[in-house]
Amino acid sequence: MTVVTPKFGMGASVLRREDAAFIQGQGRYTDDIQPTGVLHGYVLRSPVAKASFTIGSTEAAKAAPGVHLVLTGKDLAHLGDLKSGVMQEQPDGTKAPTRDIPVLCRDRVNYVGDAVAFVVADSRALAQDAAELIDVDYDSEDAASGTATALAEGTPLVWPELGSNRAFSYHTGDKKKTDAAFARAAHVTRIEFVNNRLVCNYMEPRSAIGEWNVEENRFVLTTGSQGVHSMQYILVSLFKIKKNQLRVITPDVGGGFGPKSFVYREYPLVLEAAKRLGRPVKWAGDRTEHFLTDAQGRDNVVKAEMALDRDGRFLGMKVDLLANMGAYVSQYGPFIPYIGVTMSTGVYDIQALDVSVTGLYTNTCPVDAYRGAGRPEAAFLLEKLVDACAHDLGLPVEEIRRRNFIRPEQFPYRTQTGRLYDTGEFEGHMTRAIEQAEWKAFPARLEQSKAGGKIRGLGMATYIEACAFPGSEPAFVELNGDGTVTLKIGTQTNGQGHATAYAQFLSEKLNLDIDKIHVRQGDTDELKAGGGTGGSRSIPLGGVSASRAGEDLANKIKRIAADELEASAGDIELSDGVARIVGTDRTIDFSAIAKAAKTPDDLKGFGEFVQDECTYPNGTHICEVEIDPDTGTTDIVRYTIVDDFGVTVNPILLAGQVHGGVVQGIGQALTEDTIYGEDGQLLTASFMDYAMPRADNFPFFHFETRNVPSTTNALGIKGAGEAGTIGSTPAALNAVTDALWRAYGVKHIDMPATPARIWATIQEATGA
């Protein structure tokens, strides 16, 4: 049977509808919006990482040209702090106390960039000039800046009243069972490594506009976000107001990757200032502020062990993980290592697990969710450990994986952390990736590199992740008077192509050109609730709901058309914006149907899919590198991806998501590193010092899918937005390590494997 791909429906390679406007400079971002009478805010930030402080006077700043308002911590006593509600239970059943983020610091600062005062003036430049006139006396103290040393004796305490820099402790698994597995093991492999801290660096730095509507007695906040409803929920609690007293609007967004999910201090500040002044107040951050203050990612120090039998089969696994939270507990911060731990055993049948996680405070920017949010950390740990096991036992890296994969007949499979995998054919996609990467011909390519004075390595990662977490994302669709259709949904596009993907689901049900389908997101006045975008949930949850809403509306359109055409609804078909009696030329177009409706509800469709379990996308990434030992420079010469996303909605959009994720993951592996000095100063606070990956760092990616439909998702879809970062980081570093191992016997190098670090490693290995 031949499967015909619909023109605009699921499976069609529809080009992004959004791109024409963006390419022509017609995008509308927060910083493009200039309300009448707008004033501009500037945040005075701490220049030191740890200090008590006093503000002597703000009078000079208030008297400066163009200044309208100066706020300090004492002016905001009526506001609460920004709190995290996701602290998990510790082994003793308690939840650790949090250290919440004050809107403005009151008497202490805890990292460079901590907010001290807010100045509002006629322009940002005038506000910044005035901020320099505020008399702040800092009594600096020694800072704690390193993850590995945060608990060491003599390290300064971020919060002295806690008696330790320990923020929390988590544990999962069965220690007794795992100890028994290690006791009978024929071999134990041990590794230690750093999962380096990252700065997100979306293209559009954050900005926000606050307004106060006296007549309506409510605020309006406009800001780039990953979901307006979570912003609204947190801010109404902070201001102690009712939900209808705050409208949140998100226009176009230039990238999110997790950190734009969070409520930052500037958002309540512009709202508070707008109410006090009776004029709109705008804050626009620059790139330096982004480096200093936007939530950062990763930052773990890990020790791990794997127990194996004589045949190289995994018996048990132990992990001891230190997770840096920064100076405060950010919105989802404590949940990130927890969710990563739940994916500890990955694609392997490991029957004993003992994982301990310790959260830490340091005098650094808070750490929170960054693309993948814990799952990349877990996959990197496991895939690095699996390669180390293979090297220790003298097994090929593909063979040790093949021996330990969860087999298809074992599904549904319950992991030692309680995750329930529904489907998977791990050996299938690994075998396909090996074929496409021409794995067997690698020795010949290795010899070519040697002849040119280079070294060469081949790295693999087989991953699985949890995403599209249990829940729902309702969709509301309406037929408009001009025959077009509008979908309203509570996710938020940050560049993924929602306007295209959602339109495809509706097009399939309504048989309507996607150019006649409008997608509306980002306004709490238009929807009462929404889950936002994160955890690769938009298409697996929102897409199914949109499909159901489209089907609901299609049925209503057919009923109205049947009445108008004096036919049975079962005899009506929809095509290109008209309803037709099947087999005849008798039609009525959608605009006429809209006019014929007896009530507004007759033109509205609703859909909601409630998912009870995560989806589990998985795949194999293979990276091949060539390294110049004289400079340490790494060239990625081949990259192969075979992924299982259940069902492909749009191949072009999917490839874009995977390619972007791969680049971000390799950025962590090879170039990106956030470095704090011992005094807590951020040493990598600009693109002069923080090395972002560039297009010329990458070859053509070979990407294909080998899909096994999900049984937990109504349409078989598995989330895809974060998967690229999860498979790519371990594949790239394993390739670098493989090259160093083959040439010099080097078993380990930490991320990022920069030219300087690789060169130094080679010098040490050769005794140069």
# chains A, B, ... in the order shown; residues from 1 in each chain; ligands from 1
call {"tool": "residues_around", "arguments": {"residues": "Lys240 (chain A)", "least_positions_apart": "3", "cutoff": "12 Å", "atoms": "only C-alpha atoms", "output": "ChimeraX atom specification"}}
result
/A:78-81,232-237,243-246,268
call {"tool": "closest_atom_pairs", "arguments": {"of": "region 306-364 of chain A", "to": "region 141-145 of chain A", "cutoff": "9 Å", "atoms": "only C-alpha atoms", "output": "JSON lines"}}
result
{"residue": "A:Gly326", "atom": "CA", "partner": "A:Ser145", "partner_atom": "CA", "distance": 8.6}
{"residue": "A:Tyr361", "atom": "CA", "partner": "A:Ala144", "partner_atom": "CA", "distance": 8.2}
{"residue": "A:Thr362", "atom": "CA", "partner": "A:Ala144", "partner_atom": "CA", "distance": 5.1}
{"residue": "A:Asn363", "atom": "CA", "partner": "A:Ala144", "partner_atom": "CA", "distance": 5.4}
{"residue": "A:Thr364", "atom": "CA", "partner": "A:Ser145", "partner_atom": "CA", "distance": 6.2}
call {"tool": "closest_residue", "arguments": {"among": "A:Leu420, A:Thr345, A:Glu272, A:His621", "to": "Ile434 (chain A)", "atoms": "only C-alpha atoms"}}
result
A:His621
call {"tool": "residues_around", "arguments": {"residues": "Thr711 (chain A)", "least_positions_apart": "6", "cutoff": "10 Å", "atoms": "only C-alpha atoms", "output": "short mmCIF file (atom, residue, chain, number, x, y, z; two decimals) with C-alpha atoms, in the first residue's frame"}}
result
data_model
loop_
_atom_site.label_atom_id
_atom_site.label_comp_id
_atom_site.auth_asym_id
_atom_site.auth_seq_id
_atom_site.Cartn_x
_atom_site.Cartn_y
_atom_site.Cartn_z
CA PRO A 412 7.19 -1.70 28.34
CA TYR A 421 9.64 3.27 28.64
CA ASP A 422 6.89 2.32 26.19
CA THR A 423 8.83 1.52 23.01
CA GLU A 613 3.16 9.32 30.79
CA THR A 615 7.32 10.19 25.66
CA GLY A 646 7.80 8.14 16.98
CA ILE A 717 4.65 11.44 18.54
CA LYS A 718 7.74 11.69 20.74
#
call {"tool": "residues_around", "arguments": {"residues": "Phe426 (chain A)", "least_positions_apart": "6", "cutoff": "9 Å", "atoms": "only C-alpha atoms", "output": "tab-separated table (two decimals) with N, CA and C atoms, in the first residue's frame"}}
result
chain	number	residue	atom	x	y	z
A	347	VAL	N	19.54	3.79	27.98
A	347	VAL	CA	19.00	2.75	27.10
A	347	VAL	C	19.42	1.35	27.55
A	402	ARG	N	25.64	-3.02	22.50
A	402	ARG	CA	24.75	-4.06	21.98
A	402	ARG	C	24.44	-5.12	23.05
A	405	PHE	N	21.88	-3.23	25.78
A	405	PHE	CA	20.64	-2.55	25.43
A	405	PHE	C	19.42	-3.26	26.02
A	406	ILE	N	18.43	-2.47	26.40
A	406	ILE	CA	17.10	-3.02	26.67
A	406	ILE	C	16.57	-3.56	25.34
A	407	ARG	N	16.12	-4.80	25.33
A	407	ARG	CA	15.68	-5.44	24.09
A	407	ARG	C	14.22	-5.09	23.78
A	408	PRO	N	13.83	-5.09	22.52
A	408	PRO	CA	12.44	-4.74	22.17
A	408	PRO	C	11.40	-5.57	22.90
A	462	THR	N	24.46	6.61	22.39
A	462	THR	CA	23.08	6.14	22.25
A	462	THR	C	22.31	6.68	23.44
A	463	TYR	N	21.25	7.42	23.17
A	463	TYR	CA	20.58	8.15	24.25
A	463	TYR	C	19.09	7.84	24.26
A	618	ASN	N	14.62	8.67	21.38
A	618	ASN	CA	15.93	8.07	21.57
A	618	ASN	C	16.64	8.02	20.22
A	619	GLY	N	17.92	7.71	20.24
A	619	GLY	CA	18.64	7.68	18.99
A	619	GLY	C	20.12	7.42	19.19
A	620	THR	N	20.83	7.41	18.07
A	620	THR	CA	22.28	7.24	18.08
A	620	THR	C	22.92	8.38	17.30
A	644	ASP	N	14.81	8.25	16.81
A	644	ASP	CA	13.44	7.71	16.90
A	644	ASP	C	12.57	8.75	17.58
call {"tool": "select_by_dssp", "arguments": {"residues": "region 573-725 of chain A", "states": "helix (DSSP H, G or I)", "output": "PyMOL selection string"}}
result
chain A and resi 590-596+600-603+651-670+695-697+723-725
call {"tool": "select_by_dssp", "arguments": {"residues": "region 608-645 of chain A", "states": "strand (DSSP E or B)", "output": "number ranges by chain"}}
result
A: 611, 615, 618-628, 633-644
call {"tool": "residues_around", "arguments": {"residues": "region 183-200 of chain A", "least_positions_apart": "5", "cutoff": "9 Å", "atoms": "only C-alpha atoms", "output": "number ranges by chain"}}
result
A: 148, 178, 256-259, 290-291, 294-312, 315-316, 367, 370-371, 377, 380-381, 384-386, 388-389, 392-393, 668-669, 672-675, 690, 748-752
call {"tool": "residues_around", "arguments": {"residues": "Ile339 (chain A)", "least_positions_apart": "2", "cutoff": "9 Å", "atoms": "only C-alpha atoms", "output": "number ranges by chain"}}
result
A: 335-337, 341-343, 373-375, 466
